[in-house]
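Structure data follow from start00.txt (compact mmCIF, C-alpha atoms and all ligand atoms):
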# COMPACT_ATOMS: atom_id res chain seq x y z
CA MET A 1288 -4.03 14.53 -83.12
CA GLU A 1289 -7.49 13.17 -82.68
CA GLU A 1290 -6.08 10.39 -80.60
CA LEU A 1291 -4.54 12.95 -78.23
CA GLN A 1292 -7.88 14.71 -77.81
CA THR A 1293 -9.66 11.45 -76.99
CA GLN A 1294 -7.00 10.38 -74.56
CA LYS A 1295 -7.10 13.79 -72.85
CA ASN A 1296 -10.88 13.80 -72.54
CA THR A 1297 -10.88 10.32 -71.08
CA ALA A 1298 -8.30 11.43 -68.51
CA LEU A 1299 -10.23 14.60 -67.61
CA GLU A 1300 -13.42 12.61 -67.10
CA ALA A 1301 -11.64 10.09 -64.92
CA ILE A 1302 -10.11 12.88 -62.81
CA GLU A 1303 -13.49 14.57 -62.43
CA ALA A 1304 -15.00 11.27 -61.27
CA ALA A 1305 -12.16 10.30 -58.88
CA GLY A 1306 -13.63 9.64 -55.44
CA SER A 1307 -10.47 9.85 -53.32
CA LEU A 1308 -7.11 11.54 -53.10
CA ASP A 1309 -5.50 8.16 -53.77
CA ALA A 1310 -7.45 7.77 -57.00
CA VAL A 1311 -6.42 11.27 -58.12
CA GLU A 1312 -2.80 10.44 -57.39
CA ALA A 1313 -3.03 7.25 -59.47
CA LEU A 1314 -4.41 9.26 -62.40
CA ARG A 1315 -1.64 11.83 -62.02
CA VAL A 1316 1.03 9.11 -62.21
CA ASP A 1317 -0.77 7.59 -65.19
CA ALA A 1318 -0.63 10.88 -67.16
CA LEU A 1319 2.18 13.02 -65.75
CA GLY A 1320 4.41 10.49 -63.96
CA LYS A 1321 7.79 9.59 -65.51
CA GLN A 1322 6.21 6.79 -67.51
CA GLY A 1323 2.92 8.65 -67.94
CA TRP A 1324 1.46 9.03 -71.39
CA ILE A 1325 1.79 12.82 -71.49
CA SER A 1326 5.41 12.64 -70.31
CA GLN A 1327 6.10 10.08 -73.05
CA LEU A 1328 4.55 12.35 -75.68
CA LEU A 1329 6.64 15.27 -74.43
CA LYS A 1330 9.76 13.15 -74.85
CA THR A 1331 8.92 12.44 -78.52
CA LEU A 1332 9.05 16.20 -79.18
CA GLY A 1333 12.82 16.11 -78.70
CA LYS A 1334 13.23 13.70 -81.60
CA MET A 1335 11.16 15.71 -84.08
CA THR A 1336 12.28 18.14 -86.72
CA PRO A 1337 11.69 21.76 -85.75
CA GLU A 1338 8.78 22.02 -88.14
CA GLU A 1339 7.10 18.92 -86.85
CA ARG A 1340 7.68 20.06 -83.30
CA GLN A 1341 6.14 23.43 -84.02
CA GLU A 1342 3.07 21.73 -85.34
CA LYS A 1343 2.52 19.19 -82.56
CA ALA A 1344 3.93 20.76 -79.42
CA PRO A 1345 1.09 23.21 -78.60
CA ALA A 1346 -1.55 20.48 -78.42
CA ILE A 1347 0.61 18.31 -76.15
CA GLN A 1348 1.52 21.25 -73.89
CA GLN A 1349 -2.12 22.18 -73.79
CA ALA A 1350 -3.12 18.65 -72.81
CA ARG A 1351 -0.51 18.62 -70.06
CA ALA A 1352 -1.70 21.95 -68.63
CA GLU A 1353 -5.38 20.92 -68.71
CA VAL A 1354 -4.71 17.59 -67.03
CA ALA A 1355 -2.48 19.19 -64.37
CA ASP A 1356 -5.13 21.85 -63.64
CA ALA A 1357 -7.87 19.25 -63.45
CA ILE A 1358 -5.82 17.18 -60.99
CA ALA A 1359 -5.12 20.19 -58.78
CA ALA A 1360 -8.79 21.22 -58.84
CA ARG A 1361 -9.98 17.71 -58.00
CA LYS A 1362 -7.49 17.44 -55.13
CA ASP A 1363 -8.72 20.74 -53.73
CA ALA A 1364 -12.33 19.69 -53.97
CA LEU A 1365 -11.66 16.37 -52.23
CA GLU A 1366 -9.67 18.05 -49.44
CA ASN A 1367 -12.39 20.62 -48.86
CA ALA A 1368 -15.00 17.90 -48.70
CA GLU A 1369 -12.91 16.11 -46.07
CA LEU A 1370 -12.61 19.31 -44.02
CA ASP A 1371 -16.37 19.92 -44.29
CA ARG A 1372 -17.02 16.39 -43.11
CA ARG A 1373 -14.76 16.85 -40.06
CA LEU A 1374 -16.26 20.22 -39.24
CA ALA A 1375 -19.70 18.67 -39.37
CA THR A 1376 -18.85 15.68 -37.18
CA GLU A 1377 -16.22 16.95 -34.71
CA THR A 1378 -17.93 19.44 -32.44
CA LEU A 1379 -15.96 21.98 -30.47
CA ASP A 1380 -18.29 24.13 -28.39
CA LEU A 1381 -16.53 27.43 -28.01
CA SER A 1382 -19.40 28.84 -25.95
CA LEU A 1383 -18.50 26.62 -22.94
CA PRO A 1384 -16.94 28.67 -20.15
CA ALA A 1385 -13.27 27.83 -19.49
CA PRO A 1386 -12.84 25.51 -16.49
CA ASP A 1387 -11.87 27.22 -13.23
CA GLU A 1388 -8.16 27.17 -12.57
CA ALA A 1389 -7.36 24.50 -9.97
CA ARG A 1390 -6.97 26.24 -6.63
CA GLY A 1391 -5.73 24.76 -3.37
CA THR A 1392 -7.33 25.34 -0.01
CA VAL A 1393 -5.98 26.38 3.36
CA HIS A 1394 -5.94 23.40 5.72
CA PRO A 1395 -8.26 23.85 8.72
CA VAL A 1396 -5.25 23.51 11.07
CA SER A 1397 -3.49 26.40 9.32
CA GLN A 1398 -6.72 28.36 9.29
CA VAL A 1399 -7.22 27.90 13.04
CA MET A 1400 -3.58 28.83 13.74
CA ASP A 1401 -4.10 32.03 11.72
CA GLU A 1402 -7.26 32.73 13.69
CA LEU A 1403 -5.42 32.19 16.99
CA ALA A 1404 -2.57 34.48 15.91
CA GLU A 1405 -5.11 37.16 14.98
CA ILE A 1406 -7.03 36.92 18.25
CA PHE A 1407 -3.95 36.88 20.46
CA ALA A 1408 -2.18 39.62 18.49
CA ASP A 1409 -5.09 41.83 19.47
CA LEU A 1410 -4.34 41.00 23.13
CA GLY A 1411 -0.66 41.87 22.67
CA PHE A 1412 0.72 38.34 22.28
CA ALA A 1413 3.56 37.49 19.88
CA VAL A 1414 3.75 34.18 18.02
CA LYS A 1415 6.77 31.97 18.84
CA THR A 1416 7.94 28.67 17.44
CA GLY A 1417 10.38 26.07 18.70
CA PRO A 1418 12.06 22.95 17.32
CA GLU A 1419 10.05 19.77 16.85
CA VAL A 1420 13.21 17.76 17.56
CA GLU A 1421 13.74 18.67 21.20
CA ASP A 1422 15.99 17.58 24.02
CA ASP A 1423 14.59 16.12 27.20
CA TRP A 1424 15.76 19.08 29.30
CA HIS A 1425 13.47 21.54 27.46
CA ASN A 1426 10.67 19.03 26.95
CA PHE A 1427 10.61 17.61 30.49
CA THR A 1428 13.26 18.62 33.04
CA ALA A 1429 12.88 22.39 32.84
CA LEU A 1430 9.12 21.89 32.98
CA ASN A 1431 9.56 20.28 36.38
CA MET A 1432 9.34 16.68 35.19
CA ASP A 1433 12.64 15.16 36.26
CA GLU A 1434 13.95 11.85 35.05
CA HIS A 1435 11.76 9.68 37.21
CA HIS A 1436 8.71 11.89 37.18
CA PRO A 1437 5.65 9.70 36.52
CA ALA A 1438 4.22 12.39 34.22
CA ARG A 1439 6.91 11.53 31.68
CA ALA A 1440 5.29 8.16 31.20
CA MET A 1441 1.98 9.87 30.32
CA HIS A 1442 3.56 11.23 27.19
CA ASP A 1443 4.45 8.09 25.15
CA THR A 1444 7.52 9.78 23.79
CA PHE A 1445 9.32 9.07 20.51
CA TYR A 1446 13.05 9.07 21.36
CA PHE A 1447 16.00 9.27 18.97
CA PRO A 1448 18.81 6.74 19.43
CA ASP A 1449 21.49 9.47 19.71
CA ARG A 1450 22.06 12.11 22.39
CA ASP A 1451 22.94 15.74 21.62
CA LYS A 1452 26.25 17.59 22.25
CA GLU A 1453 25.28 18.26 25.85
CA ASP A 1454 24.48 14.58 26.32
CA ARG A 1455 20.76 15.23 26.48
CA ALA A 1456 18.34 12.62 25.16
CA MET A 1457 16.76 13.73 21.88
CA LEU A 1458 13.08 13.30 21.19
CA LEU A 1459 10.13 14.57 19.18
CA ARG A 1460 8.55 17.16 21.44
CA THR A 1461 5.46 15.79 23.14
CA HIS A 1462 3.91 19.21 23.71
CA THR A 1463 4.48 22.88 22.86
CA SER A 1464 5.36 23.69 26.49
CA PRO A 1465 9.16 23.64 25.85
CA VAL A 1466 8.66 26.86 23.85
CA GLN A 1467 7.81 28.48 27.22
CA ILE A 1468 11.31 27.62 28.43
CA ARG A 1469 13.07 28.66 25.23
CA THR A 1470 11.30 32.02 25.16
CA MET A 1471 12.08 32.84 28.81
CA VAL A 1472 15.70 31.69 28.43
CA ASN A 1473 16.26 33.62 25.20
CA GLU A 1474 14.26 36.75 25.84
CA GLY A 1475 13.81 37.07 29.58
CA ALA A 1476 10.71 38.71 31.02
CA PRO A 1477 8.09 40.05 30.56
CA VAL A 1478 6.62 37.50 28.15
CA ARG A 1479 3.35 37.41 26.27
CA ILE A 1480 3.35 34.69 23.63
CA ILE A 1481 1.46 31.94 21.96
CA ALA A 1482 3.36 29.03 20.41
CA PRO A 1483 1.42 26.94 17.90
CA GLY A 1484 2.95 23.86 16.30
CA ARG A 1485 3.25 20.14 15.75
CA VAL A 1486 3.75 17.71 18.62
CA TYR A 1487 4.25 13.93 18.67
CA ARG A 1488 3.15 11.03 20.79
CA SER A 1489 3.12 7.30 20.21
CA ASP A 1490 -0.64 7.08 20.17
CA SER A 1491 -3.18 6.26 17.45
CA ASP A 1492 -6.98 5.90 17.26
CA ALA A 1493 -9.98 7.94 16.06
CA THR A 1494 -9.17 10.81 18.43
CA HIS A 1495 -5.36 10.42 18.65
CA THR A 1496 -2.78 10.64 15.88
CA PRO A 1497 0.98 10.23 16.41
CA MET A 1498 1.37 13.83 15.23
CA PHE A 1499 -1.06 16.53 16.24
CA HIS A 1500 -1.08 20.26 16.95
CA GLN A 1501 -1.12 22.31 20.09
CA VAL A 1502 -0.96 25.96 20.92
CA GLU A 1503 0.81 27.07 24.06
CA GLY A 1504 0.16 30.35 25.80
CA LEU A 1505 2.49 32.05 28.27
CA VAL A 1506 2.29 35.32 30.13
CA ILE A 1507 5.05 36.32 32.55
CA ASP A 1508 5.01 39.67 34.29
CA ARG A 1509 5.12 41.19 37.77
CA ASP A 1510 1.51 41.10 38.94
CA ILE A 1511 -0.15 38.29 37.03
CA HIS A 1512 -2.80 36.27 38.83
CA LEU A 1513 -5.46 33.65 38.10
CA GLY A 1514 -8.00 36.36 37.21
CA HIS A 1515 -5.86 37.35 34.23
CA LEU A 1516 -5.79 33.73 33.13
CA LYS A 1517 -9.54 33.34 33.32
CA TRP A 1518 -10.25 36.63 31.52
CA THR A 1519 -7.73 35.83 28.77
CA LEU A 1520 -9.16 32.36 28.14
CA GLU A 1521 -12.72 33.65 28.17
CA THR A 1522 -11.89 36.47 25.76
CA PHE A 1523 -9.99 34.10 23.49
CA LEU A 1524 -12.72 31.44 23.40
CA LYS A 1525 -15.52 33.95 22.83
CA ALA A 1526 -13.61 35.48 19.92
CA PHE A 1527 -12.63 32.09 18.53
CA PHE A 1528 -16.07 30.46 18.68
CA GLU A 1529 -17.74 33.80 17.91
CA ARG A 1530 -20.25 33.44 20.74
CA ASP A 1531 -20.74 35.68 23.75
CA ASP A 1532 -22.38 32.92 25.77
CA ILE A 1533 -19.25 30.76 26.18
CA VAL A 1534 -19.10 29.72 29.85
CA LEU A 1535 -15.95 28.32 31.44
CA ARG A 1536 -15.54 26.12 34.50
CA LEU A 1537 -12.12 26.01 36.15
CA ARG A 1538 -11.44 22.69 37.88
CA PRO A 1539 -8.45 21.98 40.13
CA SER A 1540 -6.01 19.70 38.36
CA TYR A 1541 -2.35 18.77 38.24
CA PHE A 1542 0.43 19.62 35.81
CA PRO A 1543 4.06 19.56 36.92
CA PHE A 1544 4.73 22.95 35.32
CA THR A 1545 1.84 24.86 36.91
CA GLU A 1546 0.84 25.48 40.51
CA PRO A 1547 -2.03 25.74 41.02
CA SER A 1548 -3.16 23.88 37.89
CA VAL A 1549 -6.60 24.16 36.41
CA GLU A 1550 -8.43 22.11 33.85
CA VAL A 1551 -10.77 24.36 31.87
CA ASP A 1552 -14.15 22.97 30.89
CA VAL A 1553 -16.61 24.65 28.56
CA GLY A 1554 -20.40 24.29 28.54
CA PHE A 1555 -22.12 22.83 25.48
CA GLU A 1556 -25.32 21.24 24.24
CA ILE A 1557 -26.05 18.73 21.52
CA VAL A 1558 -27.87 20.30 18.57
CA LYS A 1559 -28.81 17.99 15.67
CA GLY A 1560 -26.20 15.47 16.77
CA ARG A 1561 -23.41 18.03 17.04
CA ARG A 1562 -21.77 19.54 20.10
CA VAL A 1563 -22.45 23.27 20.09
CA LEU A 1564 -20.48 25.32 22.60
CA GLY A 1565 -22.31 27.92 24.66
CA GLY A 1566 -24.22 28.21 27.89
CA SER A 1567 -23.38 26.81 31.31
CA GLY A 1568 -22.71 23.10 31.41
CA ASP A 1569 -25.08 22.99 34.39
CA ALA A 1570 -28.04 24.36 32.37
CA PRO A 1571 -30.78 21.89 31.34
CA GLY A 1572 -29.73 19.84 28.31
CA HIS A 1573 -26.13 21.05 28.68
CA ALA A 1574 -22.92 19.42 29.86
CA TRP A 1575 -19.26 20.30 30.44
CA MET A 1576 -16.48 19.30 28.13
CA GLU A 1577 -12.81 19.35 29.04
CA LEU A 1578 -11.09 21.79 26.71
CA LEU A 1579 -7.63 22.75 27.90
CA GLY A 1580 -5.01 22.67 30.62
CA SER A 1581 -3.61 25.72 32.32
CA GLY A 1582 -2.44 27.22 35.56
CA MET A 1583 -0.06 29.63 37.23
CA VAL A 1584 3.49 28.87 36.09
CA ASN A 1585 5.28 26.80 38.73
CA ARG A 1586 8.07 28.85 40.37
CA ARG A 1587 10.48 26.00 39.74
CA VAL A 1588 9.87 26.42 35.97
CA ILE A 1589 10.58 30.14 36.20
CA GLU A 1590 13.79 29.29 38.05
CA PHE A 1591 14.82 26.66 35.49
CA ALA A 1592 14.36 29.32 32.81
CA GLY A 1593 16.77 31.60 34.66
CA LEU A 1594 14.30 34.14 36.05
CA ASP A 1595 13.68 35.15 39.65
CA PRO A 1596 10.33 33.67 40.74
CA ASP A 1597 10.02 36.28 43.47
CA GLU A 1598 10.01 38.97 40.82
CA TRP A 1599 8.27 37.26 37.92
CA GLN A 1600 5.14 35.20 37.79
CA GLY A 1601 2.54 34.30 35.24
CA PHE A 1602 0.13 31.85 33.72
CA ALA A 1603 0.29 29.28 30.94
CA PHE A 1604 -2.14 27.20 28.98
CA GLY A 1605 -2.03 24.50 26.33
CA VAL A 1606 -4.80 23.39 23.98
CA GLY A 1607 -5.14 21.08 20.98
CA VAL A 1608 -5.41 23.03 17.73
CA ASP A 1609 -6.96 20.09 15.87
CA ARG A 1610 -9.53 19.77 18.61
CA LEU A 1611 -10.39 23.47 18.38
CA ALA A 1612 -10.81 23.05 14.61
CA MET A 1613 -13.08 20.02 15.05
CA LEU A 1614 -15.27 21.83 17.59
CA LYS A 1615 -15.55 24.95 15.49
CA TYR A 1616 -15.88 23.45 12.01
CA GLY A 1617 -17.58 20.13 12.75
CA MET A 1618 -15.19 17.39 11.61
CA ASP A 1619 -15.53 14.21 13.58
CA ASP A 1620 -12.50 12.07 12.70
CA LEU A 1621 -9.10 13.46 13.57
CA ARG A 1622 -7.26 10.99 11.32
CA ALA A 1623 -8.81 12.54 8.20
CA PHE A 1624 -6.92 15.76 9.02
CA PHE A 1625 -3.68 14.12 7.97
CA ASP A 1626 -4.77 11.77 5.16
CA GLY A 1627 -4.23 14.42 2.47
CA ASP A 1628 -7.48 13.40 0.75
CA ILE A 1629 -8.17 16.18 -1.74
CA ARG A 1630 -11.95 15.76 -1.33
CA TRP A 1631 -11.71 16.34 2.43
CA LEU A 1632 -9.50 19.37 1.82
CA GLN A 1633 -11.92 20.79 -0.75
CA HIS A 1634 -14.78 20.30 1.70
CA TYR A 1635 -13.20 21.55 4.92
CA GLY A 1636 -10.45 23.78 3.51
CA PHE A 1637 -10.59 27.56 3.34
CA SER A 1638 -10.05 30.04 0.56
CA PRO A 1639 -6.55 31.48 0.59
CA TYR A 1640 -8.13 34.85 -0.15
CA ASP A 1641 -10.08 34.97 3.13
CA GLN A 1642 -7.68 36.03 5.83
CA PRO A 1643 -9.14 35.91 9.32
CA THR A 1644 -9.52 39.38 10.80
CA LEU A 1645 -11.07 40.46 14.06
CA SER A 1646 -13.18 43.14 12.42
CA ALA A 1647 -14.72 40.79 9.86
CA GLY A 1648 -14.96 37.91 12.33
CA VAL A 1649 -12.13 35.42 12.60
CA GLY A 1650 -14.39 32.67 11.33
CA ALA A 1651 -14.23 31.99 7.62
CA PRO A 1652 -17.42 32.67 5.65
CA ALA A 1653 -19.60 29.58 5.16
N1 LIG A 1701 1.57 20.53 27.99
C1 LIG A 1701 0.30 19.97 28.37
C2 LIG A 1701 0.00 18.73 27.53
O1 LIG A 1701 0.56 18.58 26.52
C3 LIG A 1701 -0.80 20.96 28.18
C4 LIG A 1701 -0.67 22.10 29.15
C5 LIG A 1701 -1.28 22.06 30.37
C6 LIG A 1701 0.08 23.20 28.80
C7 LIG A 1701 -1.18 23.08 31.27
C8 LIG A 1701 0.21 24.25 29.71
C9 LIG A 1701 -0.44 24.19 30.94
O2 LIG A 1701 0.90 25.35 29.43
O3 LIG A 1701 -0.33 25.23 31.81
O4 LIG A 1701 -0.79 17.94 27.89

Final structure tokens representation of the file:
Amino acid sequence: MEELQTQKNTALEAIEAAGSLDAVEALRVDALGKQGWISQLLKTLGKMTPEERQEKAPAIQQARAEVADAIAARKDALENAELDRRLATETLDLSLPAPDEARGTVHPVSQVMDELAEIFADLGFAVKTGPEVEDDWHNFTALNMDEHHPARAMHDTFYFPDRDKEDRAMLLRTHTSPVQIRTMVNEGAPVRIIAPGRVYRSDSDATHTPMFHQVEGLVIDRDIHLGHLKWTLETFLKAFFERDDIVLRLRPSYFPFTEPSVEVDVGFEIVKGRRVLGGSGDAPGHAWMELLGSGMVNRRVIEFAGLDPDEWQGFAFGVGVDRLAMLKYGMDDLRAFFDGDIRWLQHYGFSPYDQPTLSAGVGAPA
């Protein structure tokens, strides 16, 4: 009996002193495992007479319970100590604000197209689109550039190897002007549209990319003259650049699809190394910059589109959307528009929550 007490006390002290969960486990096996000394003692009970068993059993049971409790308590203590240690060393600062959700931006080209749609909607223009894979009749012939027209060579066209069902050569449209033809053919007159979209030319340097964007404008009605063209362009450019001092210069030019044709220049000055539009190009410190092509729609084009040129007439214009974006928002390398660099997009992109409106100003807030 005394031996049991000594053995038990030794075990309890060892458990109390155990420095790790592994050490506690070793002590458990030593006492309560299959071959453990307490398990062995419990086995001997089976071989005793009932009287003997009655005398010895309580002390053994007692020892087993005390040792088991001590092991459980020591395990708990060691686990809590481990948790305290981790809580003290691993810091999780719950006071930090949650990071902003990642949010995309509206590409400047899309932004400018939205601005154009808003401005021209106010003038009664609808937005039209046409296919980027065009045939050479819509892209050239119907625009008064027949097969051997030298102007075709100006366009560095990407052709497809196959021809379409009507045996027309297929190409990537070189300008948005074919949408003029498609709209007149499909809808007749009168017409008041803009047609923004992608166009393609085999051309590549800092100011030319093989794909770029244009917006076409077309007005066809019964009494349209050059004055309407000039007023429309002036109104559009003043709204777009949000300046009342935009001054235009119309210069005689040549496009196969307009007659007469005018190149439209806009006055600007250099402020802190940037071109700022406004003022006459003839004013001191100012100059003219070529901005867009336009003119009165050539009667042959109206005919090609199936309308009577003695009844219907109008004006058209075409301008680079990317160029408008660069002039308004200050980018200087066109190629970066199409690199998809997220840093550029974060810098020059626009919030999807700011829709351009005429009342609030079509420009996005700085
Ligand atoms: N299509 C011409 C180009 O891509 C631009 C243009 C000039 C369009 C005059 C027009 C226009 O509608 O009248 O270079």

Subject >> Surrounding residues of stretch 1541-1548 of chain A excluding itself and chain neighbours under 3 positions, 7 Å, all atoms listed in the file, as a PyMOL selection string >> reply: chain A and resi 1430-1432+1581-1585+1588

**OP:** Please identify the residues whose atoms come within 10 Å of ligand LIG 1701 (chain A), using only C-alpha atoms and all ligand atoms, and report them as a PyMOL selection string.
**Re:** chain A and resi 1426-1427+1430+1438+1441-1442+1460-1467+1481+1486-1488+1500-1505+1540-1551+1579-1585+1602-1607

Subject >> Point (-2.0, 19.5, -73.3), cut-off 12 Å, counting all atoms listed in the file, residues as number ranges by chain >> reply: A: 1288, 1291-1296, 1298-1299, 1318-1319, 1324-1326, 1328-1329, 1343-1357

Subject >> Which residue of A:Met1471, A:Leu1374, A:Ala1482, A:Leu1578 approaches A:Met1400 most closely, using only C-alpha atoms >> reply: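 Distance minimum relative to A:Met1400 lands on A:Ala1482.
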
Original post:
If you measure from atom CA of A:Gly1391 to atom CA of A:Asp1620, what distance in Å do you get, rounded to one decimal?
Top reply: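 About the pair atom CA of A:Gly1391 and atom CA of A:Asp1620: they are 21.6 Å apart.
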
**OP:** Report the distance between atom CA of A:Lys1559 and atom CA of A:Met1613 in Å, rounded to one decimal place.
**Re:**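 A separation of 15.9 Å between them.
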
**OP:** Would you mind telling me which residue in A:Asp1401, A:Glu1369, A:Glu1377, A:Glu1342 lies nearest to A:Pro1643 when using only C-alpha atoms?
**Re:** A:Asp1401

**OP:** Please measure the separation of atom CA of A:Leu1314 and atom CA of A:Glu1289, giving the value in Å to one decimal.
**Re:** 20.9 Å

**OP:** Considering all atoms listed in the file, state which residue in the set A:Ile1480, A:Leu1564, A:Ala1612, A:Ala1413 is at the smallest distance from A:Asp1552.
**Re:** A:Leu1564

Subject >> Residue contacts of A:Glu1453 (12 Å, all atoms listed in the file) excluding same-chain residues fewer than 4 positions away, as a PyMOL selection string >> reply: chain A and resi 1422-1424+1449+1457

**OP:** Might you pull out every residue within 9 Å of A:Trp1599, with all atoms listed in the file counted and same-chain residues fewer than 2 positions away left off, and present them as a list of chain:residue names?
**Re:**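 Result of the neighbour search: A:Ala1476, A:Pro1477, A:Ile1507, A:Asp1508, A:Arg1509, A:Asp1510, A:Ile1511, A:Arg1586, A:Ile1589, A:Leu1594, A:Asp1595, A:Pro1596, A:Asp1597, A:Gly1601.
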
**OP:** Name all residues at most 9 Å from A:Glu1521 (count all atoms listed in the file; drop same-chain ones fewer than 3 positions away) and give them as a VMD selection string.
**Re:** chain A and resid 1516 to 1518 1524 to 1526 1533 to 1535

**OP:** Identify which of the residues A:Gly1484, A:Gly1320, A:Gly1475, A:Gly1565 lies closest to A:Val1506, counting all atoms listed in the file when measuring atom-to-atom distances.
**Re:**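 So, comparing all the options, the nearest one is A:Gly1475.
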
Original post:
Smallest atom-to-atom distance to A:Leu1410: which of A:Ala1375, A:Ile1302, A:Leu1611, A:Leu1520, using all atoms listed in the file?
Top reply: A:Leu1520

Original post:
Of the candidates A:Thr1428, A:Asn1367, A:Ser1397, A:Ser1567, which one gets nearest to A:Pro1483 if we count only C-alpha atoms?
Top reply: A:Ser1397
